[in-house]
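Note: the block below is coords-v2.txt and it holds compact mmCIF, C-alpha atoms.
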# COMPACT_ATOMS: atom_id res chain seq x y z
CA MET A 1 27.17 -11.05 -75.96
CA THR A 2 24.01 -12.32 -74.32
CA ASP A 3 20.56 -11.45 -75.60
CA LEU A 4 19.73 -8.18 -73.88
CA ILE A 5 16.29 -7.60 -75.36
CA ILE A 6 13.66 -7.20 -72.65
CA ALA A 7 10.05 -7.63 -73.83
CA LYS A 8 8.23 -4.28 -73.63
CA GLY A 9 5.15 -5.82 -72.02
CA THR A 10 7.28 -7.38 -69.29
CA LEU A 11 9.16 -4.13 -68.78
CA TRP A 12 6.03 -2.03 -68.22
CA THR A 13 4.43 -4.70 -66.02
CA VAL A 14 7.56 -4.66 -63.84
CA ILE A 15 7.81 -0.85 -63.76
CA ILE A 16 4.17 -0.37 -62.74
CA LEU A 17 3.88 -3.23 -60.27
CA LEU A 18 7.30 -2.52 -58.74
CA GLY A 19 6.28 1.14 -58.38
CA LEU A 20 3.01 0.21 -56.66
CA GLY A 21 4.70 -2.40 -54.47
CA SER A 22 7.52 -0.04 -53.46
CA PHE A 23 5.01 2.67 -52.57
CA GLY A 24 3.04 0.14 -50.55
CA LEU A 25 6.14 -0.87 -48.57
CA ARG A 26 6.98 2.79 -47.90
CA PHE A 27 3.41 3.70 -46.94
CA VAL A 28 2.40 0.65 -44.90
CA PHE A 29 3.38 1.88 -41.41
CA LEU A 30 3.54 5.63 -42.00
CA GLY A 31 0.11 5.79 -43.62
CA LEU A 32 -1.85 3.08 -41.89
CA ILE A 33 -0.57 3.16 -38.31
CA GLY A 34 -0.26 6.94 -38.16
CA ASN A 35 -0.22 8.30 -34.65
CA ARG A 36 -0.76 5.05 -32.75
CA PRO A 37 2.23 4.03 -30.58
CA MET A 38 4.23 0.97 -31.56
CA PRO A 39 5.57 -1.58 -29.05
CA ASP A 40 9.12 -1.25 -27.64
CA TRP A 41 10.31 -4.62 -28.96
CA LEU A 42 9.35 -3.58 -32.51
CA MET A 43 11.13 -0.23 -32.25
CA ARG A 44 14.20 -1.93 -30.78
CA HIS A 45 14.43 -4.12 -33.90
CA LEU A 46 13.68 -1.28 -36.31
CA ARG A 47 16.63 0.76 -35.03
CA TYR A 48 18.92 -1.74 -36.77
CA THR A 49 17.11 -1.89 -40.12
CA ALA A 50 19.67 -0.01 -42.19
CA VAL A 51 22.73 -1.73 -40.70
CA ALA A 52 21.03 -5.14 -40.97
CA VAL A 53 19.84 -4.94 -44.59
CA LEU A 54 22.44 -2.92 -46.52
CA PRO A 55 25.53 -4.95 -45.44
CA GLY A 56 23.70 -8.12 -46.51
CA LEU A 57 22.93 -6.53 -49.87
CA VAL A 58 26.54 -5.46 -50.42
CA ALA A 59 28.53 -8.44 -49.07
CA PRO A 60 27.85 -10.81 -52.01
CA LEU A 61 28.58 -8.00 -54.51
CA VAL A 62 31.99 -7.48 -52.86
CA VAL A 63 32.94 -11.14 -52.43
CA TRP A 64 31.56 -12.32 -55.78
CA PRO A 65 31.65 -9.25 -58.10
CA THR A 66 29.54 -9.45 -61.26
CA ALA A 67 32.30 -7.78 -63.32
CA THR A 68 34.67 -10.71 -62.68
CA ASP A 69 31.94 -13.35 -63.10
CA GLY A 70 31.86 -13.96 -59.36
CA VAL A 71 35.59 -14.45 -58.78
CA LEU A 72 37.02 -12.67 -55.69
CA ASP A 73 38.91 -9.64 -56.97
CA LEU A 74 41.72 -7.99 -54.96
CA PRO A 75 41.18 -4.39 -56.22
CA ARG A 76 37.44 -4.54 -55.51
CA LEU A 77 37.85 -6.19 -52.10
CA THR A 78 40.52 -3.67 -51.06
CA ALA A 79 38.38 -0.77 -52.33
CA ALA A 80 35.42 -2.02 -50.29
CA LEU A 81 37.52 -2.31 -47.12
CA THR A 82 39.02 1.16 -47.74
CA THR A 83 35.53 2.64 -48.10
CA LEU A 84 34.49 0.97 -44.83
CA ALA A 85 37.57 2.22 -42.94
CA VAL A 86 37.37 5.81 -44.23
CA GLY A 87 33.62 5.98 -43.57
CA TYR A 88 33.97 4.54 -40.09
CA PHE A 89 36.77 6.81 -38.94
CA THR A 90 35.75 10.07 -40.66
CA LYS A 91 31.94 9.57 -40.41
CA ASN A 92 31.92 11.26 -43.83
CA VAL A 93 30.00 9.53 -46.64
CA LEU A 94 31.65 11.45 -49.47
CA ALA A 95 35.18 10.99 -48.10
CA ALA A 96 34.44 7.26 -47.95
CA ILE A 97 33.18 7.15 -51.56
CA PHE A 98 36.18 9.07 -52.89
CA GLY A 99 38.58 7.02 -50.76
CA GLY A 100 37.12 3.74 -52.00
CA ALA A 101 36.88 4.80 -55.65
CA GLY A 102 40.44 6.19 -55.51
CA MET A 103 41.75 2.90 -54.14
CA LEU A 104 39.84 0.93 -56.80
CA TYR A 105 41.25 3.00 -59.68
CA LEU A 106 44.77 2.94 -58.21
CA LEU A 107 44.78 -0.85 -57.88
CA LEU A 108 43.11 -1.45 -61.26
CA TYR A 109 45.80 0.80 -62.80
CA LEU A 110 48.70 -0.89 -60.95
CA MET A 111 47.44 -4.41 -61.60
CA GLY A 112 46.01 -3.77 -65.06
CA MET F 1 16.68 33.13 -28.12
CA THR F 2 15.12 32.39 -31.47
CA LEU F 3 12.10 30.21 -31.97
CA THR F 4 12.72 27.46 -34.52
CA THR F 5 10.26 28.04 -37.35
CA THR F 6 8.96 25.33 -39.67
CA LYS F 7 10.43 27.22 -42.61
CA SER F 8 13.91 27.37 -41.08
CA VAL F 9 13.71 23.64 -40.33
CA TYR F 10 12.84 23.01 -44.00
CA TRP F 11 15.97 24.89 -45.11
CA LYS F 12 18.04 23.03 -42.53
CA GLY F 13 16.79 19.85 -44.18
CA VAL F 14 17.81 21.17 -47.61
CA ARG F 15 21.32 21.92 -46.30
CA ASP F 16 21.65 18.51 -44.59
CA GLY F 17 20.34 16.72 -47.69
CA ALA F 18 22.43 18.62 -50.25
CA PRO F 19 25.66 16.57 -49.88
CA PHE F 20 23.70 13.49 -50.93
CA ILE F 21 23.47 14.97 -54.43
CA LEU F 22 27.02 13.73 -54.87
CA VAL F 23 25.92 10.24 -53.83
CA VAL F 24 22.65 10.10 -55.76
CA ALA F 25 23.87 11.71 -58.99
CA PRO F 26 26.44 9.03 -59.95
CA PHE F 27 24.01 6.30 -58.85
CA ALA F 28 21.23 7.69 -61.09
CA LEU F 29 23.69 8.24 -63.94
CA LEU F 30 24.81 4.64 -63.58
CA PHE F 31 21.22 3.38 -63.72
CA GLY F 32 20.64 5.40 -66.89
CA VAL F 33 23.72 3.89 -68.52
CA VAL F 34 22.97 0.31 -67.43
CA ALA F 35 19.30 0.57 -68.47
CA THR F 36 20.24 1.86 -71.92
CA GLU F 37 22.71 -0.99 -72.34
CA ALA F 38 19.88 -3.38 -71.46
CA GLY F 39 17.88 -1.98 -74.38
CA LEU F 40 15.56 0.53 -72.66
CA ASN F 41 14.98 3.88 -74.38
CA VAL F 42 15.30 7.23 -72.59
CA TRP F 43 11.57 7.48 -71.85
CA GLU F 44 11.38 3.97 -70.39
CA THR F 45 14.46 4.60 -68.28
CA LEU F 46 13.06 7.86 -66.89
CA ALA F 47 9.67 6.25 -66.21
CA PHE F 48 11.44 3.48 -64.29
CA SER F 49 13.20 6.05 -62.06
CA VAL F 50 10.11 8.24 -61.55
CA VAL F 51 7.71 5.40 -60.76
CA VAL F 52 10.00 3.31 -58.55
CA ILE F 53 12.64 5.76 -57.11
CA ALA F 54 14.72 2.95 -55.62
CA GLY F 55 18.15 2.46 -57.16
CA ALA F 56 18.99 -0.92 -55.67
CA ALA F 57 15.58 -2.40 -56.55
CA GLN F 58 15.78 -0.95 -60.08
CA PHE F 59 19.22 -2.53 -60.64
CA THR F 60 17.92 -5.84 -59.27
CA ALA F 61 14.86 -5.82 -61.54
CA LEU F 62 16.91 -4.84 -64.59
CA GLN F 63 19.47 -7.58 -63.95
CA LEU F 64 16.82 -10.30 -63.54
CA MET F 65 14.84 -9.14 -66.60
CA GLN F 66 18.02 -9.44 -68.66
CA GLU F 67 18.41 -12.98 -67.37
CA ASN F 68 14.82 -13.63 -68.57
CA ALA F 69 13.64 -14.46 -65.06
CA PRO F 70 9.85 -14.89 -64.66
CA THR F 71 8.09 -11.58 -63.94
CA ILE F 72 6.94 -12.78 -60.51
CA ILE F 73 10.56 -13.54 -59.53
CA VAL F 74 11.71 -10.14 -60.82
CA LEU F 75 9.05 -8.41 -58.71
CA ALA F 76 9.58 -10.52 -55.59
CA SER F 77 13.36 -10.02 -55.65
CA ALA F 78 13.21 -6.27 -56.28
CA LEU F 79 10.58 -5.84 -53.57
CA ALA F 80 12.72 -7.92 -51.19
CA VAL F 81 15.55 -5.46 -51.78
CA ASN F 82 13.04 -2.71 -50.97
CA LEU F 83 11.68 -4.38 -47.82
CA ARG F 84 13.94 -2.10 -45.80
CA MET F 85 11.61 0.75 -46.87
CA ALA F 86 8.82 -0.85 -44.79
CA MET F 87 11.20 -0.83 -41.86
CA TYR F 88 12.12 2.83 -42.52
CA SER F 89 8.39 3.58 -42.73
CA ALA F 90 7.84 1.98 -39.34
CA SER F 91 10.75 3.78 -37.74
CA LEU F 92 9.56 7.18 -39.08
CA THR F 93 5.99 6.59 -37.87
CA PRO F 94 6.54 7.76 -34.25
CA HIS F 95 7.95 11.05 -35.65
CA LEU F 96 5.69 11.74 -38.64
CA GLY F 97 2.55 9.76 -37.81
CA ALA F 98 0.64 12.82 -36.54
CA THR F 99 0.94 14.78 -39.82
CA PRO F 100 -1.85 14.95 -42.47
CA LEU F 101 -2.37 11.83 -44.60
CA TRP F 102 -1.47 13.52 -47.91
CA GLN F 103 1.88 14.57 -46.45
CA ARG F 104 2.56 11.05 -45.24
CA ALA F 105 1.64 9.68 -48.69
CA LEU F 106 4.04 12.13 -50.35
CA ALA F 107 6.73 11.31 -47.76
CA ALA F 108 6.26 7.62 -48.61
CA TYR F 109 6.71 8.29 -52.34
CA VAL F 110 10.02 10.17 -51.86
CA MET F 111 11.41 7.79 -49.20
CA VAL F 112 15.00 6.85 -50.07
CA ASP F 113 17.93 5.61 -47.97
CA GLN F 114 19.51 9.06 -47.78
CA SER F 115 16.37 10.99 -46.80
CA TYR F 116 15.56 8.40 -44.16
CA ALA F 117 19.06 8.31 -42.65
CA CYS F 118 19.44 12.07 -42.68
CA SER F 119 16.01 12.67 -41.08
CA ILE F 120 16.10 10.00 -38.39
CA LEU F 121 19.51 11.28 -37.23
CA ALA F 122 18.18 14.85 -37.12
CA TYR F 123 15.15 13.71 -35.07
CA GLU F 124 17.47 12.01 -32.57
CA ARG F 125 19.32 15.32 -32.12
CA ASN F 126 16.19 17.55 -31.98
CA HIS F 127 13.65 16.05 -29.59
CA ASP F 128 11.78 19.38 -29.32
CA TRP F 129 10.66 19.48 -32.96
CA THR F 130 6.91 19.23 -33.62
CA PRO F 131 5.61 16.62 -36.12
CA ALA F 132 5.10 19.48 -38.63
CA GLN F 133 8.72 20.58 -38.23
CA LYS F 134 9.96 17.01 -38.56
CA MET F 135 7.98 16.66 -41.80
CA ALA F 136 9.38 20.00 -43.02
CA PHE F 137 12.92 18.75 -42.39
CA TYR F 138 12.13 15.50 -44.24
CA PHE F 139 10.82 17.31 -47.31
CA GLY F 140 13.83 19.65 -47.10
CA ALA F 141 16.20 16.69 -47.10
CA VAL F 142 14.66 15.19 -50.26
CA THR F 143 14.30 18.49 -52.15
CA PRO F 144 17.86 18.49 -53.56
CA VAL F 145 17.95 14.73 -54.12
CA ILE F 146 14.78 13.75 -56.02
CA PRO F 147 15.07 16.16 -59.02
CA ILE F 148 18.73 15.10 -59.35
CA TRP F 149 17.62 11.47 -59.36
CA TYR F 150 15.31 12.09 -62.34
CA ALA F 151 17.69 14.39 -64.22
CA MET F 152 20.78 12.21 -63.88
CA THR F 153 18.85 9.11 -64.96
CA VAL F 154 18.05 10.90 -68.21
CA ALA F 155 21.67 12.08 -68.52
CA GLY F 156 22.88 8.49 -68.06
CA ALA F 157 20.40 7.20 -70.64
CA LEU F 158 21.58 9.85 -73.13
CA ILE F 159 25.26 9.09 -72.54
CA GLY F 160 24.32 5.42 -72.73
CA SER F 161 26.83 2.93 -73.90
CA SER F 162 29.49 5.52 -74.80
CA MET F 163 30.83 5.19 -71.23
CA PRO F 164 34.29 3.58 -71.24
CA ALA F 165 34.45 0.12 -69.63
CA GLY F 166 37.64 1.01 -67.68
CA LEU F 167 35.61 3.11 -65.24
CA ALA F 168 34.62 -0.05 -63.31
CA LEU F 169 31.14 1.41 -62.80
CA ASP F 170 29.93 -2.02 -61.68
CA PHE F 171 31.46 -1.24 -58.30
CA ALA F 172 29.83 2.18 -57.81
CA VAL F 173 26.84 0.51 -56.13
CA PRO F 174 28.78 -1.45 -53.44
CA ILE F 175 31.03 1.54 -52.67
CA THR F 176 28.06 3.88 -52.27
CA PHE F 177 26.25 1.50 -49.94
CA ILE F 178 29.35 0.76 -47.82
CA ALA F 179 30.03 4.50 -47.50
CA MET F 180 26.48 4.93 -46.17
CA ILE F 181 26.72 2.03 -43.71
CA ALA F 182 30.17 2.75 -42.22
CA PRO F 183 29.31 6.00 -40.37
CA ALA F 184 26.15 4.32 -38.99
CA LEU F 185 28.18 1.69 -37.10
CA ARG F 186 28.00 3.79 -33.93
CA THR F 187 27.39 1.25 -31.16
CA LEU F 188 28.34 -2.36 -30.50
CA ALA F 189 24.74 -3.32 -31.34
CA HIS F 190 24.97 -1.63 -34.77
CA LYS F 191 28.30 -3.35 -35.49
CA ALA F 192 26.97 -6.75 -34.39
CA ALA F 193 23.86 -6.31 -36.57
CA ALA F 194 25.99 -5.44 -39.62
CA LEU F 195 28.41 -8.32 -39.04
CA ALA F 196 25.55 -10.81 -38.61
CA SER F 197 23.96 -9.48 -41.79
CA VAL F 198 27.17 -10.00 -43.80
CA ALA F 199 27.69 -13.52 -42.41
CA LEU F 200 24.07 -14.55 -43.03
CA ALA F 201 23.95 -13.02 -46.52
CA LEU F 202 27.10 -14.90 -47.58
CA GLY F 203 26.06 -18.10 -45.80
CA PHE F 204 22.56 -18.11 -47.30
CA ALA F 205 23.56 -16.81 -50.74
CA PHE F 206 22.57 -20.19 -52.20
CA VAL F 207 18.90 -19.61 -51.26
CA PRO F 208 17.08 -18.63 -54.46
CA PHE F 209 15.08 -15.47 -55.22
CA ASN F 210 17.10 -13.14 -52.96
CA LEU F 211 15.58 -14.76 -49.88
CA GLY F 212 19.09 -14.95 -48.38
CA LEU F 213 18.96 -11.16 -48.08
CA ILE F 214 15.66 -11.36 -46.18
CA ILE F 215 17.20 -13.91 -43.79
CA ALA F 216 20.24 -11.63 -43.35
CA GLY F 217 18.07 -8.56 -42.71
CA ILE F 218 15.82 -10.21 -40.14
CA GLY F 219 18.79 -11.96 -38.48
CA GLY F 220 20.80 -8.74 -38.35
CA MET F 221 17.91 -6.86 -36.72
CA MET F 222 17.45 -9.60 -34.12
CA VAL F 223 21.17 -9.58 -33.28
CA GLY F 224 21.17 -5.77 -33.00
CA ALA F 225 18.13 -5.78 -30.69
CA GLN F 226 19.55 -8.55 -28.47
CA VAL F 227 22.96 -6.85 -28.15
CA GLU F 228 21.20 -3.58 -27.25
CA LEU F 229 19.22 -5.34 -24.49
CA TRP F 230 22.40 -7.01 -23.21
CA MET F 231 24.31 -3.71 -23.21
CA SER F 232 21.55 -1.87 -21.32
CA ARG F 233 21.41 -4.62 -18.69
CA ARG F 234 25.18 -4.32 -18.20
CA THR F 235 25.14 -0.55 -17.74
CA GLN F 236 22.26 -0.64 -15.25
CA PRO F 237 23.36 -1.52 -11.67
Rendering of file as structure tokens:
Amino acid sequence: MTDLIIAKGTLWTVIILLGLGSFGLRFVFLGLIGNRPMPDWLMRHLRYTAVAVLPGLVAPLVVWPTATDGVLDLPRLTAALTTLAVGYFTKNVLAAIFGGAGMLYLLLYLMG
Amino acid sequence: MTLTTTKSVYWKGVRDGAPFILVVAPFALLFGVVATEAGLNVWETLAFSVVVIAGAAQFTALQLMQENAPTIIVLASALAVNLRMAMYSASLTPHLGATPLWQRALAAYVMVDQSYACSILAYERNHDWTPAQKMAFYFGAVTPVIPIWYAMTVAGALIGSSMPAGLALDFAVPITFIAMIAPALRTLAHKAAALASVALALGFAFVPFNLGLIIAGIGGMMVGAQVELWMSRRTQP
């Protein structure tokens, strides 16, 4: 077991500064630019924000899962691909979550 | 013919946002459990969720604090994960920019992946909405989600470490995110952006402080924008 104690001073510094920083990121355009138009090239890039950031966030978690100390894991990889396929074809977020979780539990049970 | 009222748009937002309860609730519960296991008490865990309201950034910060990373690295990494919020903010600005400042400030505080995705898709379908109606829809979409976020964080903190390990809760985060991305892969440009993001994130995973994710995000956006330009040139005679 690693030492899990987080210093209280550090914790509150992180909570408060992360809160302020996150608000700043959320407010920067909406609050400061307001009603002024933004250039086409910027909007064309912003359309792809979600699909450009979230896959990059997830990919390392799928390929190198923390639960297996970074070793590629067949149940987790298959569950991720199942979630992707169900979500893509049904366009239904909840169906995708249940499909992926179901596959994960099935494979963990079969291989466990 | 009925005139769309601001109030009816608000309730439409509530209905469109309600399914996300099932996405947000387990995520918040998971944060509560993980935070308690990291040694935070119920009050600290709730404060974390109320002040930050950003699951992925909270998990990132918690993980790095447990690894005793310097505070500046913890903040930079968690904010990098949240950089997409600045991009959401920019993409909502053409729709909500004309509303009063206090509403925009409140909208910024409650901005989460689900409320953004749900609202921007509704705006694409309803070009005739006024800025006030668009803001009403936005607040409607977050109304079911935000109280659940707070409440389930507390529930997770109270359940704490009594959760069985066999639940493989570590993978709840990737599955939730993939389920949100998959339906958004509508056009070739969206698919290319996502694929580029995955390739860049894996290729630049060695770059410290989560900067690989920033490279992947910027690269993915550039690929998406270029493919869109290329597609529109092909369709025009």
Inset, instruction - Would you mind telling me which residue in A:Leu81, A:Ala59, A:Leu72, A:Met111 lies nearest to chain F when using only C-alpha atoms? - result: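 Of the candidates, the smallest distance to chain F is held by A:Ala59.
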Inset, instruction - Calculate how many Å separate atom CA of A:Leu74 from atom CA of A:Gly99, rounding to one decimal. - result: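 Separating atom CA of A:Leu74 from atom CA of A:Gly99 is a distance of 15.9 Å.
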Which residues of stretch 58-148 of chain F come within 9 Å of stretch 36-49 of chain A, and for each one, what is the closest pair of atoms and their distance in Å to one decimal, counting only C-alpha atoms, sorted by chain and residue number, as JSON lines?
{"residue": "F:Arg84", "atom": "CA", "partner": "A:Thr49", "partner_atom": "CA", "distance": 6.5}
{"residue": "F:Met87", "atom": "CA", "partner": "A:Leu46", "partner_atom": "CA", "distance": 6.1}
{"residue": "F:Tyr88", "atom": "CA", "partner": "A:Thr49", "partner_atom": "CA", "distance": 7.3}
{"residue": "F:Ala90", "atom": "CA", "partner": "A:Leu46", "partner_atom": "CA", "distance": 7.3}
{"residue": "F:Ser91", "atom": "CA", "partner": "A:Leu46", "partner_atom": "CA", "distance": 6.0}
{"residue": "F:Thr93", "atom": "CA", "partner": "A:Pro37", "partner_atom": "CA", "distance": 8.6}
{"residue": "F:Pro94", "atom": "CA", "partner": "A:Pro37", "partner_atom": "CA", "distance": 6.8}
{"residue": "F:Gly97", "atom": "CA", "partner": "A:Arg36", "partner_atom": "CA", "distance": 7.7}
{"residue": "F:Ala98", "atom": "CA", "partner": "A:Arg36", "partner_atom": "CA", "distance": 8.8}
Restricting the output to C-alpha atoms, write the selected residues as a PDB file, in the frame of the given file.
ATOM      1  CA  ARG F  84      13.940  -2.100 -45.800  1.00  0.00           C
ATOM      2  CA  MET F  87      11.200  -0.830 -41.860  1.00  0.00           C
ATOM      3  CA  TYR F  88      12.120   2.830 -42.520  1.00  0.00           C
ATOM      4  CA  ALA F  90       7.840   1.980 -39.340  1.00  0.00           C
ATOM      5  CA  SER F  91      10.750   3.780 -37.740  1.00  0.00           C
ATOM      6  CA  THR F  93       5.990   6.590 -37.870  1.00  0.00           C
ATOM      7  CA  PRO F  94       6.540   7.760 -34.250  1.00  0.00           C
ATOM      8  CA  GLY F  97       2.550   9.760 -37.810  1.00  0.00           C
ATOM      9  CA  ALA F  98       0.640  12.820 -36.540  1.00  0.00           C
TER      10      ALA F  98
END
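Counting from atom CA of F:Gly32, the distance to atom CA of F:Met152 is 7.4 Å.
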Inset, instruction - Would you please work out which residue, of A:Leu84, A:Trp64, A:Leu32, A:Phe98, is nearest to chain F when using only C-alpha atoms? - result: A:Leu84
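Going from atom CA of F:Ala132 to atom CA of F:Tyr10 covers 10.1 Å.
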Inset, instruction - Output as a PyMOL selection string the set of chain F residues within 7 Å of chain A, with distances taken over all atoms listed in the file. - result: chain F and resi 38-39+48+51-52+65-66+71+75+79+82-87+89-94+97-98+101+104-105+108-109+111+170+174-183+190+193-194+197-198+201-202+213+216-217+220-222+224-225
Legend entry - Polymer residues at most 9 Å from F:Thr4, only C-alpha atoms, same-chain spacing of 5 or more positions, as a PyMOL selection string: chain F and resi 9+129+133
Once you add 5 Å to each side, what are the centre and edge lengths of the axis-aligned box holding all listed atoms of stretch 83-94 of chain A? One decimal in Å, as AutoDock Vina command-line options, if you can.
--center_x 33.8 --center_y 6.2 --center_z -44.2 --size_x 17.6 --size_y 20.5 --size_z 20.5
Legend entry - Shell around F:Gly17 at 10 Å using all atoms listed in the file, local window under 2 positions removed, as a ChimeraX atom specification: /F:11-15,19-21,114-115,117-119,137-145
Legend entry - Test item: residues at most 9 Å from F:Ile148, all atoms listed in the file, excluding those fewer than 6 positions along its chain, as a list of chain:residue names: F:Ile21, F:Val24, F:Ala25, F:Ala28
Would you kindly return, as a PDB file with C-alpha atoms, keeping the file's coordinate frame, each protein, DNA or RNA residue with an atom no farther than 12 Å from any atom of F:Ala157, considering all atoms listed in the file and excluding same-chain residues fewer than 2 positions away?
ATOM      1  CA  ALA F  28      21.230   7.690 -61.090  1.00  0.00           C
ATOM      2  CA  LEU F  29      23.690   8.240 -63.940  1.00  0.00           C
ATOM      3  CA  LEU F  30      24.810   4.640 -63.580  1.00  0.00           C
ATOM      4  CA  PHE F  31      21.220   3.380 -63.720  1.00  0.00           C
ATOM      5  CA  GLY F  32      20.640   5.400 -66.890  1.00  0.00           C
ATOM      6  CA  VAL F  33      23.720   3.890 -68.520  1.00  0.00           C
ATOM      7  CA  VAL F  34      22.970   0.310 -67.430  1.00  0.00           C
ATOM      8  CA  ALA F  35      19.300   0.570 -68.470  1.00  0.00           C
ATOM      9  CA  THR F  36      20.240   1.860 -71.920  1.00  0.00           C
ATOM     10  CA  GLU F  37      22.710  -0.990 -72.340  1.00  0.00           C
ATOM     11  CA  ALA F  38      19.880  -3.380 -71.460  1.00  0.00           C
ATOM     12  CA  GLY F  39      17.880  -1.980 -74.380  1.00  0.00           C
ATOM     13  CA  LEU F  40      15.560   0.530 -72.660  1.00  0.00           C
ATOM     14  CA  ASN F  41      14.980   3.880 -74.380  1.00  0.00           C
ATOM     15  CA  VAL F  42      15.300   7.230 -72.590  1.00  0.00           C
ATOM     16  CA  TRP F  43      11.570   7.480 -71.850  1.00  0.00           C
ATOM     17  CA  GLU F  44      11.380   3.970 -70.390  1.00  0.00           C
ATOM     18  CA  THR F  45      14.460   4.600 -68.280  1.00  0.00           C
ATOM     19  CA  LEU F  46      13.060   7.860 -66.890  1.00  0.00           C
ATOM     20  CA  ALA F  47       9.670   6.250 -66.210  1.00  0.00           C
ATOM     21  CA  PHE F  48      11.440   3.480 -64.290  1.00  0.00           C
ATOM     22  CA  SER F  49      13.200   6.050 -62.060  1.00  0.00           C
ATOM     23  CA  TYR F 150      15.310  12.090 -62.340  1.00  0.00           C
ATOM     24  CA  ALA F 151      17.690  14.390 -64.220  1.00  0.00           C
ATOM     25  CA  MET F 152      20.780  12.210 -63.880  1.00  0.00           C
ATOM     26  CA  THR F 153      18.850   9.110 -64.960  1.00  0.00           C
ATOM     27  CA  VAL F 154      18.050  10.900 -68.210  1.00  0.00           C
ATOM     28  CA  ALA F 155      21.670  12.080 -68.520  1.00  0.00           C
ATOM     29  CA  ILE F 159      25.260   9.090 -72.540  1.00  0.00           C
ATOM     30  CA  GLY F 160      24.320   5.420 -72.730  1.00  0.00           C
ATOM     31  CA  SER F 161      26.830   2.930 -73.900  1.00  0.00           C
ATOM     32  CA  SER F 162      29.490   5.520 -74.800  1.00  0.00           C
ATOM     33  CA  MET F 163      30.830   5.190 -71.230  1.00  0.00           C
TER      34      MET F 163
END
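If you measure from each of F:Ser232, F:Ser77, F:Gln63, F:Ser8 to F:Thr187 using all atoms listed in the file, the closest one turns out to be F:Ser232.
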